[in-house]
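*Asks:* Sharing model23.tsv below, TSV, C-alpha atoms and all ligand atoms:
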chain	number	residue	atom	x	y	z
O	122	MET	CA	-31.55	-149.99	70.86
O	123	THR	CA	-29.78	-146.88	72.14
O	124	GLN	CA	-26.84	-147.58	74.40
O	125	GLN	CA	-25.43	-144.56	76.21
O	126	LEU	CA	-22.01	-145.30	77.63
O	127	PRO	CA	-20.54	-143.78	80.79
O	128	ALA	CA	-18.23	-140.85	80.03
O	129	THR	CA	-15.23	-142.91	81.12
O	130	MET	CA	-15.93	-145.76	78.67
O	131	SER	CA	-14.91	-145.58	75.04
O	132	GLN	CA	-17.25	-146.77	72.32
O	133	SER	CA	-14.49	-148.89	70.84
O	134	LEU	CA	-14.01	-150.72	74.14
O	135	PHE	CA	-17.71	-151.54	74.40
O	136	ASP	CA	-17.87	-152.52	70.71
O	137	SER	CA	-14.90	-154.86	71.03
O	138	ARG	CA	-16.62	-156.69	73.90
O	139	ALA	CA	-19.94	-156.80	72.03
O	140	ASP	CA	-18.23	-158.20	68.93
O	141	ALA	CA	-16.38	-160.85	70.94
O	142	ILE	CA	-19.64	-161.94	72.60
O	143	ALA	CA	-21.48	-162.07	69.27
O	144	ASP	CA	-18.67	-164.07	67.63
O	145	ALA	CA	-18.54	-166.63	70.44
O	146	ALA	CA	-22.33	-166.90	70.52
O	147	ARG	CA	-22.51	-167.46	66.75
O	148	GLN	CA	-19.96	-170.26	66.96
O	149	LEU	CA	-21.68	-171.92	69.93
O	150	ALA	CA	-25.06	-171.60	68.24
O	151	ALA	CA	-23.62	-173.31	65.14
O	152	LEU	CA	-22.77	-176.26	67.38
O	153	GLY	CA	-26.43	-176.44	68.43
O	154	TRP	CA	-25.71	-175.44	72.02
O	155	THR	CA	-28.07	-172.40	72.14
O	156	PRO	CA	-31.45	-173.72	70.92
O	157	ALA	CA	-34.54	-171.52	70.70
O	158	THR	CA	-33.00	-168.25	72.04
O	159	SER	CA	-31.62	-170.02	75.13
O	160	SER	CA	-28.16	-169.30	76.60
O	161	ASN	CA	-26.52	-166.03	77.60
O	162	PHE	CA	-23.06	-164.53	77.40
O	163	SER	CA	-21.18	-161.66	78.96
O	164	MET	CA	-17.79	-160.00	79.21
O	165	ARG	CA	-16.36	-157.66	81.79
O	166	VAL	CA	-15.77	-154.19	80.35
O	167	ASP	CA	-14.12	-152.49	83.33
O	168	ASP	CA	-14.04	-152.75	87.14
O	169	GLU	CA	-17.69	-151.69	87.43
O	170	HIS	CA	-19.37	-152.84	84.22
O	171	ALA	CA	-20.03	-155.83	82.00
O	172	ALA	CA	-21.52	-156.27	78.54
O	173	ILE	CA	-24.26	-158.92	78.40
O	174	THR	CA	-26.78	-160.33	75.94
O	175	ILE	CA	-30.22	-158.72	75.95
O	176	SER	CA	-32.90	-161.18	77.13
O	177	GLY	CA	-34.67	-163.31	74.55
O	178	ARG	CA	-32.44	-162.66	71.53
O	179	ASP	CA	-31.50	-165.40	69.04
O	180	LYS	CA	-27.96	-166.14	70.16
O	181	GLY	CA	-26.95	-167.36	66.70
O	182	HIS	CA	-27.59	-163.95	65.14
O	183	LEU	CA	-26.35	-161.37	67.61
O	184	GLY	CA	-25.13	-157.94	66.56
O	185	ARG	CA	-23.88	-155.04	68.66
O	186	ASP	CA	-27.49	-153.96	69.23
O	187	ASP	CA	-28.21	-157.22	71.03
O	188	ILE	CA	-25.58	-156.57	73.69
O	189	MET	CA	-26.06	-154.06	76.52
O	190	LEU	CA	-24.16	-152.59	79.43
O	191	ILE	CA	-24.88	-153.47	83.08
O	192	ASP	CA	-23.22	-152.65	86.36
O	193	LEU	CA	-21.88	-155.49	88.49
O	194	HIS	CA	-25.14	-155.60	90.44
O	195	GLY	CA	-27.06	-156.40	87.27
O	196	HIS	CA	-28.67	-153.01	86.67
O	197	ALA	CA	-28.98	-151.73	83.11
O	198	VAL	CA	-26.67	-148.80	82.38
O	199	GLY	CA	-27.53	-146.24	79.70
O	200	THR	CA	-30.35	-148.24	78.12
O	201	THR	CA	-33.93	-149.34	78.77
O	202	ALA	CA	-33.22	-152.81	77.32
O	203	ARG	CA	-33.69	-155.83	79.59
O	204	PRO	CA	-30.55	-157.80	80.35
O	205	SER	CA	-30.53	-161.61	80.39
O	206	ALA	CA	-32.96	-163.12	82.89
O	207	GLU	CA	-29.91	-164.85	84.39
O	208	THR	CA	-27.75	-161.74	84.74
O	209	ALA	CA	-27.26	-162.33	88.48
O	210	LEU	CA	-25.26	-165.49	87.73
O	211	HIS	CA	-22.87	-163.49	85.55
O	212	THR	CA	-22.36	-160.59	87.93
O	213	GLN	CA	-21.75	-163.06	90.75
O	214	VAL	CA	-18.70	-164.36	88.87
O	215	TYR	CA	-17.37	-160.85	88.20
O	216	ARG	CA	-17.84	-159.78	91.80
O	217	ARG	CA	-16.22	-162.90	93.28
O	218	TRP	CA	-13.25	-163.11	90.93
O	219	PRO	CA	-11.82	-159.79	89.67
O	220	GLU	CA	-9.61	-161.72	87.22
O	221	MET	CA	-12.54	-163.32	85.39
O	222	THR	CA	-13.60	-161.46	82.25
O	223	ALA	CA	-16.01	-163.78	80.41
O	224	VAL	CA	-19.01	-165.92	81.40
O	225	LEU	CA	-20.67	-168.38	79.02
O	226	HIS	CA	-23.97	-170.20	79.57
O	227	THR	CA	-25.29	-172.76	77.08
O	228	HIS	CA	-28.07	-175.34	76.83
O	229	SER	CA	-26.65	-178.23	74.78
O	230	ARG	CA	-28.45	-181.58	74.79
O	231	THR	CA	-25.45	-183.17	76.47
O	232	GLN	CA	-25.40	-180.55	79.24
O	233	SER	CA	-29.17	-180.82	79.70
O	234	VAL	CA	-29.27	-184.64	79.84
O	235	ALA	CA	-26.19	-184.89	82.07
O	236	SER	CA	-27.71	-182.40	84.51
O	237	ARG	CA	-30.80	-184.58	84.87
O	238	LEU	CA	-28.82	-187.79	85.23
O	239	TYR	CA	-26.68	-186.43	88.05
O	240	ALA	CA	-29.15	-184.06	89.75
O	241	ALA	CA	-30.05	-186.47	92.55
O	242	ARG	CA	-26.36	-186.92	93.37
O	243	GLY	CA	-25.84	-183.13	93.21
O	244	THR	CA	-22.43	-183.46	91.56
O	245	ILE	CA	-20.50	-185.06	88.72
O	246	GLN	CA	-17.02	-186.27	89.60
O	247	LEU	CA	-14.76	-186.48	86.58
O	248	GLN	CA	-11.56	-188.46	86.92
O	249	GLY	CA	-9.20	-190.24	84.55
O	250	TRP	CA	-9.80	-188.08	81.49
O	251	GLU	CA	-6.85	-186.35	79.85
O	252	LEU	CA	-9.09	-183.44	78.81
O	253	GLN	CA	-9.57	-182.44	82.45
O	254	LYS	CA	-6.27	-180.64	81.90
O	255	ALA	CA	-8.10	-178.13	79.68
O	256	ILE	CA	-9.60	-176.73	82.88
O	257	SER	CA	-7.29	-174.10	84.38
O	258	GLY	CA	-5.48	-175.35	87.45
O	259	TYR	CA	-5.79	-179.06	86.58
O	260	THR	CA	-2.49	-180.65	85.64
O	261	SER	CA	-3.28	-184.34	85.75
O	262	HIS	CA	-5.97	-186.74	84.55
O	263	ASP	CA	-5.69	-188.33	88.02
O	264	SER	CA	-7.21	-185.42	89.91
O	265	VAL	CA	-10.94	-185.22	90.54
O	266	LEU	CA	-12.79	-182.45	88.73
O	267	GLU	CA	-16.10	-181.92	90.49
O	268	ILE	CA	-18.97	-180.17	88.74
O	269	PRO	CA	-21.95	-179.41	90.99
O	270	VAL	CA	-25.51	-179.79	89.72
O	271	PHE	CA	-27.79	-177.24	91.34
O	272	PRO	CA	-31.61	-177.50	91.31
O	273	ASN	CA	-33.23	-175.28	88.71
O	274	THR	CA	-35.30	-172.29	89.74
O	275	GLN	CA	-36.58	-169.13	88.10
O	276	HIS	CA	-35.64	-167.24	91.26
O	277	MET	CA	-32.06	-166.13	90.59
O	278	PRO	CA	-31.21	-165.21	94.21
O	279	ASP	CA	-31.70	-168.89	95.13
O	280	LEU	CA	-29.25	-169.99	92.45
O	281	VAL	CA	-26.79	-167.31	93.45
O	282	ALA	CA	-27.05	-168.52	97.07
O	283	GLN	CA	-26.33	-172.11	96.04
O	284	VAL	CA	-23.20	-171.04	94.18
O	285	ASP	CA	-22.12	-168.90	97.14
O	286	ALA	CA	-22.66	-171.82	99.54
O	287	TRP	CA	-20.49	-174.10	97.38
O	288	LEU	CA	-17.69	-171.54	97.25
O	289	ASP	CA	-18.00	-170.59	100.91
O	290	ALA	CA	-17.49	-174.29	101.76
O	291	GLY	CA	-14.05	-173.86	100.16
O	292	LYS	CA	-14.73	-176.12	97.18
O	293	PRO	CA	-13.12	-175.31	93.82
O	294	LEU	CA	-15.53	-174.15	91.14
O	295	HIS	CA	-14.87	-173.76	87.42
O	296	ALA	CA	-18.36	-174.53	86.16
O	297	TYR	CA	-21.73	-175.75	87.32
O	298	LEU	CA	-24.75	-177.43	85.82
O	299	ILE	CA	-28.33	-176.47	86.61
O	300	ASP	CA	-30.77	-179.38	86.62
O	301	GLY	CA	-32.64	-179.73	83.32
O	302	HIS	CA	-31.24	-176.40	82.22
O	303	GLY	CA	-27.60	-176.07	81.12
O	304	ILE	CA	-24.10	-175.13	82.15
O	305	TYR	CA	-22.26	-172.03	83.36
O	306	THR	CA	-18.52	-171.59	83.04
O	307	TRP	CA	-16.10	-168.66	82.86
O	308	GLY	CA	-12.53	-167.66	82.23
O	309	ARG	CA	-9.86	-164.98	82.54
O	310	ASP	CA	-10.56	-164.26	78.88
O	311	ILE	CA	-13.17	-165.46	76.46
O	312	ALA	CA	-10.79	-168.03	74.93
O	313	GLU	CA	-10.31	-169.64	78.32
O	314	ALA	CA	-14.07	-169.65	78.96
O	315	ARG	CA	-14.61	-171.31	75.55
O	316	ARG	CA	-11.92	-173.87	76.25
O	317	HIS	CA	-13.65	-174.73	79.53
O	318	LEU	CA	-17.01	-175.01	77.81
O	319	GLU	CA	-15.72	-177.25	75.01
O	320	ALA	CA	-13.78	-179.47	77.41
O	321	LEU	CA	-16.78	-179.87	79.70
O	322	GLU	CA	-19.08	-180.72	76.81
O	323	PHE	CA	-16.59	-183.40	75.71
O	324	LEU	CA	-16.12	-184.75	79.25
O	325	LEU	CA	-19.88	-184.93	79.87
O	326	GLU	CA	-20.34	-186.78	76.57
O	327	CYS	CA	-17.63	-189.26	77.56
O	328	GLU	CA	-19.17	-189.84	81.00
O	329	MET	CA	-22.58	-190.45	79.49
O	330	ASP	CA	-21.18	-192.78	76.81
O	331	LEU	CA	-19.44	-194.75	79.54
O	332	ARG	CA	-22.66	-195.00	81.52
O	333	ARG	CA	-24.59	-196.10	78.45
O	334	LEU	CA	-22.03	-198.69	77.35
O	335	SER	CA	-21.47	-200.19	80.78
O	336	SER	CA	-25.12	-200.59	81.73
U	1	LIG	C1	-35.64	-169.78	75.93
U	1	LIG	S1	-35.68	-170.73	77.38
U	1	LIG	C2	-34.12	-170.34	78.18
U	1	LIG	C3	-34.19	-169.19	79.14
U	1	LIG	O1	-35.19	-169.41	80.09
U	1	LIG	C4	-32.86	-169.01	79.86
U	1	LIG	O2	-32.49	-170.18	80.55
U	1	LIG	C5	-31.75	-168.65	78.95
U	1	LIG	O3	-30.73	-169.30	78.89
U	1	LIG	C6	-31.88	-167.44	78.09
U	1	LIG	O4	-32.49	-166.38	78.78
U	1	LIG	P1	-32.13	-164.87	78.38
U	1	LIG	O5	-33.05	-164.05	79.23
U	1	LIG	O6	-32.35	-164.75	76.90
U	1	LIG	O7	-30.68	-164.71	78.73
U	2	ZN	ZN	-30.44	-170.68	80.58
Go ahead and express the file in the form of structure tokens.

*Replies:*
Amino acid sequence: MTQQLPATMSQSLFDSRADAIADAARQLAALGWTPATSSNFSMRVDDEHAAITISGRDKGHLGRDDIMLIDLHGHAVGTTARPSAETALHTQVYRRWPEMTAVLHTHSRTQSVASRLYAARGTIQLQGWELQKAISGYTSHDSVLEIPVFPNTQHMPDLVAQVDAWLDAGKPLHAYLIDGHGIYTWGRDIAEARRHLEALEFLLECEMDLRRLSS
């Protein structure tokens, strides 16, 4: 793949983002959270651009050539490659929160099963778990951490609209599940996004264990 960069963007900047995405993806794939080419990952590069995984690639074996540049409206920049089918969900985060620089989307079994279990309710309310404090802004296990579960659709504008509606209602949002699909979360840097993802995976496992053991 040939990736032409804008004149104002250095190759080393783009490469550092591509390498960080590939590293994170490899580690998440090793955990079994990106089966069968699923999942997608991105990082902000500057105020107008992000680096994102090319659609359909094996996320456990990404190299620089599997990452491409887009603008914050999801258009390819300097390449004919096709960005992730779910690019609109990444650019939505970058447009809404200038401080966010990484978006991670995975398809673990836990995320997938939890999304189905709680889809009818439309939300998972986590409370009482110490690990809630791994989510930025949460300082106590006592607070309620609410993760919405949106219906799945192949039509990205509908998903984007559901996320917008949640935020426009003034509700906090650090992550969301999509029914039968997976999870999206983000962070001010990729380490924060990973911390959110790992904490949420753990919290969803705990909730489902509790449900299983108390039924
Ligand atoms: C391989 S099925 C999963 C896809 O439909 C999609 O949900 C996904 O996560 C990966 O899509 P991609 O276009 O590679 O970013
Ligand atoms: Zn997906």

*Asks:* What's the 10 Å shell around stretch 319-322 of chain O, counting only C-alpha atoms, without same-chain residues fewer than 6 positions away, as a PyMOL selection string?

*Replies:* chain O and resi 149+154+229-232+235+247+252-256+268+296-297+304+306+313

*Asks:* Since we have the selection now, will you write its residues out, keeping C-alpha atoms, as a PDB file, in the coordinates of the input?

*Replies:*
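Below is the file selection.pdb, written as the result:
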ATOM      1  CA  LEU O 149     -21.680-171.920  69.930  1.00  0.00           C
ATOM      2  CA  TRP O 154     -25.710-175.440  72.020  1.00  0.00           C
ATOM      3  CA  SER O 229     -26.650-178.230  74.780  1.00  0.00           C
ATOM      4  CA  ARG O 230     -28.450-181.580  74.790  1.00  0.00           C
ATOM      5  CA  THR O 231     -25.450-183.170  76.470  1.00  0.00           C
ATOM      6  CA  GLN O 232     -25.400-180.550  79.240  1.00  0.00           C
ATOM      7  CA  ALA O 235     -26.190-184.890  82.070  1.00  0.00           C
ATOM      8  CA  LEU O 247     -14.760-186.480  86.580  1.00  0.00           C
ATOM      9  CA  LEU O 252      -9.090-183.440  78.810  1.00  0.00           C
ATOM     10  CA  GLN O 253      -9.570-182.440  82.450  1.00  0.00           C
ATOM     11  CA  LYS O 254      -6.270-180.640  81.900  1.00  0.00           C
ATOM     12  CA  ALA O 255      -8.100-178.130  79.680  1.00  0.00           C
ATOM     13  CA  ILE O 256      -9.600-176.730  82.880  1.00  0.00           C
ATOM     14  CA  ILE O 268     -18.970-180.170  88.740  1.00  0.00           C
ATOM     15  CA  ALA O 296     -18.360-174.530  86.160  1.00  0.00           C
ATOM     16  CA  TYR O 297     -21.730-175.750  87.320  1.00  0.00           C
ATOM     17  CA  ILE O 304     -24.100-175.130  82.150  1.00  0.00           C
ATOM     18  CA  THR O 306     -18.520-171.590  83.040  1.00  0.00           C
ATOM     19  CA  GLU O 313     -10.310-169.640  78.320  1.00  0.00           C
TER      20      GLU O 313
END

*Asks:* Could you give me, as a PyMOL selection string, the residues that sit within 8 Å of (-32.0, -161.2, 80.4) in the file's coordinates, counting all atoms listed in the file?

*Replies:* chain O and resi 161+174-177+203-208

*Asks:* If you take all atoms listed in the file and a cut-off of 12 Å, which residues of chain O touch ligand LIG 1 (chain U), and what are their nearest atom pairs and distances in Å to one decimal, in chain and number order, as JSON lines?

*Replies:*
{"residue": "O:Ala146", "atom": "CA", "partner": "U:LIG1", "partner_atom": "O7", "distance": 11.9}
{"residue": "O:Trp154", "atom": "CA", "partner": "U:LIG1", "partner_atom": "O3", "distance": 10.5}
{"residue": "O:Thr155", "atom": "CA", "partner": "U:LIG1", "partner_atom": "O3", "distance": 7.9}
{"residue": "O:Pro156", "atom": "CA", "partner": "U:LIG1", "partner_atom": "C1", "distance": 7.6}
{"residue": "O:Ala157", "atom": "CA", "partner": "U:LIG1", "partner_atom": "C1", "distance": 5.6}
{"residue": "O:Thr158", "atom": "CA", "partner": "U:LIG1", "partner_atom": "C1", "distance": 4.9}
{"residue": "O:Ser159", "atom": "CA", "partner": "U:LIG1", "partner_atom": "O3", "distance": 3.9}
{"residue": "O:Ser160", "atom": "CA", "partner": "U:LIG1", "partner_atom": "O3", "distance": 3.4}
{"residue": "O:Asn161", "atom": "CA", "partner": "U:LIG1", "partner_atom": "O7", "distance": 4.5}
{"residue": "O:Phe162", "atom": "CA", "partner": "U:LIG1", "partner_atom": "O7", "distance": 7.7}
{"residue": "O:Ser163", "atom": "CA", "partner": "U:LIG1", "partner_atom": "O7", "distance": 10.0}
{"residue": "O:Ile173", "atom": "CA", "partner": "U:LIG1", "partner_atom": "O7", "distance": 8.7}
{"residue": "O:Thr174", "atom": "CA", "partner": "U:LIG1", "partner_atom": "O7", "distance": 6.5}
{"residue": "O:Ile175", "atom": "CA", "partner": "U:LIG1", "partner_atom": "O6", "distance": 6.5}
{"residue": "O:Ser176", "atom": "CA", "partner": "U:LIG1", "partner_atom": "O5", "distance": 3.6}
{"residue": "O:Gly177", "atom": "CA", "partner": "U:LIG1", "partner_atom": "O6", "distance": 3.6}
{"residue": "O:Arg178", "atom": "CA", "partner": "U:LIG1", "partner_atom": "O6", "distance": 5.8}
{"residue": "O:Asp179", "atom": "CA", "partner": "U:LIG1", "partner_atom": "O6", "distance": 7.9}
{"residue": "O:Lys180", "atom": "CA", "partner": "U:LIG1", "partner_atom": "O6", "distance": 8.2}
{"residue": "O:Gly181", "atom": "CA", "partner": "U:LIG1", "partner_atom": "O6", "distance": 11.8}
{"residue": "O:Leu183", "atom": "CA", "partner": "U:LIG1", "partner_atom": "O6", "distance": 11.6}
{"residue": "O:Asp187", "atom": "CA", "partner": "U:LIG1", "partner_atom": "O6", "distance": 10.4}
{"residue": "O:Ile188", "atom": "CA", "partner": "U:LIG1", "partner_atom": "O7", "distance": 10.8}
{"residue": "O:Met189", "atom": "CA", "partner": "U:LIG1", "partner_atom": "O7", "distance": 11.8}
{"residue": "O:Ala202", "atom": "CA", "partner": "U:LIG1", "partner_atom": "O5", "distance": 11.4}
{"residue": "O:Arg203", "atom": "CA", "partner": "U:LIG1", "partner_atom": "O5", "distance": 8.3}
{"residue": "O:Pro204", "atom": "CA", "partner": "U:LIG1", "partner_atom": "O5", "distance": 6.8}
{"residue": "O:Ser205", "atom": "CA", "partner": "U:LIG1", "partner_atom": "O7", "distance": 3.5}
{"residue": "O:Ala206", "atom": "CA", "partner": "U:LIG1", "partner_atom": "O5", "distance": 3.8}
{"residue": "O:Glu207", "atom": "CA", "partner": "U:LIG1", "partner_atom": "O7", "distance": 5.7}
{"residue": "O:Thr208", "atom": "CA", "partner": "U:LIG1", "partner_atom": "O7", "distance": 7.3}
{"residue": "O:Ala209", "atom": "CA", "partner": "U:LIG1", "partner_atom": "O7", "distance": 10.6}
{"residue": "O:Leu210", "atom": "CA", "partner": "U:LIG1", "partner_atom": "O7", "distance": 10.5}
{"residue": "O:His211", "atom": "CA", "partner": "U:LIG1", "partner_atom": "O7", "distance": 10.4}
{"residue": "O:Leu225", "atom": "CA", "partner": "U:LIG1", "partner_atom": "O3", "distance": 10.1}
{"residue": "O:His226", "atom": "CA", "partner": "U:LIG1", "partner_atom": "O3", "distance": 6.9}
{"residue": "O:Thr227", "atom": "CA", "partner": "U:LIG1", "partner_atom": "O3", "distance": 6.7}
{"residue": "O:His228", "atom": "CA", "partner": "U:LIG1", "partner_atom": "O3", "distance": 6.9}
{"residue": "O:Ser229", "atom": "CA", "partner": "U:LIG1", "partner_atom": "O3", "distance": 10.6}
{"residue": "O:Ser233", "atom": "CA", "partner": "U:LIG1", "partner_atom": "O2", "distance": 11.2}
{"residue": "O:Asn273", "atom": "CA", "partner": "U:LIG1", "partner_atom": "O2", "distance": 9.7}
{"residue": "O:Thr274", "atom": "CA", "partner": "U:LIG1", "partner_atom": "O2", "distance": 9.8}
{"residue": "O:Gln275", "atom": "CA", "partner": "U:LIG1", "partner_atom": "O1", "distance": 8.1}
{"residue": "O:His276", "atom": "CA", "partner": "U:LIG1", "partner_atom": "O1", "distance": 11.4}
{"residue": "O:Met277", "atom": "CA", "partner": "U:LIG1", "partner_atom": "O2", "distance": 10.8}
{"residue": "O:Leu298", "atom": "CA", "partner": "U:LIG1", "partner_atom": "O2", "distance": 11.8}
{"residue": "O:Ile299", "atom": "CA", "partner": "U:LIG1", "partner_atom": "O2", "distance": 9.7}
{"residue": "O:Asp300", "atom": "CA", "partner": "U:LIG1", "partner_atom": "O2", "distance": 11.2}
{"residue": "O:Gly301", "atom": "CA", "partner": "U:LIG1", "partner_atom": "O2", "distance": 9.9}
{"residue": "O:His302", "atom": "CA", "partner": "U:LIG1", "partner_atom": "O2", "distance": 6.6}
{"residue": "O:Gly303", "atom": "CA", "partner": "U:LIG1", "partner_atom": "O2", "distance": 7.7}
{"residue": "O:Ile304", "atom": "CA", "partner": "U:LIG1", "partner_atom": "O3", "distance": 9.4}
{"residue": "O:Tyr305", "atom": "CA", "partner": "U:LIG1", "partner_atom": "O3", "distance": 10.0}

*Asks:* Which neighbours of O:Leu288 fall inside 12 Å, counting all atoms listed in the file, when residues of the same chain fewer than 4 positions from it are skipped, and could you give them as a ChimeraX atom specification?

*Replies:* /O:213-214,217-218,269,281-284,292-297

*Asks:* If you measure from atom CA of O:Ala312 to atom CA of O:Arg147, what distance in Å do you get, rounded to one decimal?

*Replies:* 14.3 Å

*Asks:* Please indicate the distance in Å from atom CA of O:Thr212 to atom CA of O:Val234, rounded to one decimal place.

*Replies:*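 It comes out at 26.3 Å.
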
*Asks:* Would you compute the distance between atom CA of O:Leu190 and atom CA of O:Pro278? Give it in Å to one decimal.

*Replies:*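 Separation between atom CA of O:Leu190 and atom CA of O:Pro278: 20.7 Å.
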
*Asks:* Taking all atoms listed in the file into account, name the residue in O:Arg185, O:Arg165, O:Arg138, O:His262 that is nearest to O:Arg309.

*Replies:*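 Closest residue, counting all atoms listed in the file: O:Arg165.
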
*Asks:* Using only C-alpha atoms and all ligand atoms for the distances, tell me which of O:Leu280, O:Tyr239, O:Leu324, O:Met130 is nearest to ligand ZN 2 (chain U).

*Replies:* O:Leu280

*Asks:* Between O:Glu169, O:Asp140, O:Met221, O:Arg332, which is the closest to O:His182 once you count all atoms listed in the file?

*Replies:*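 Checking each of O:Glu169, O:Asp140, O:Met221, O:Arg332 against O:His182, counting all atoms listed in the file, the winner is O:Asp140.
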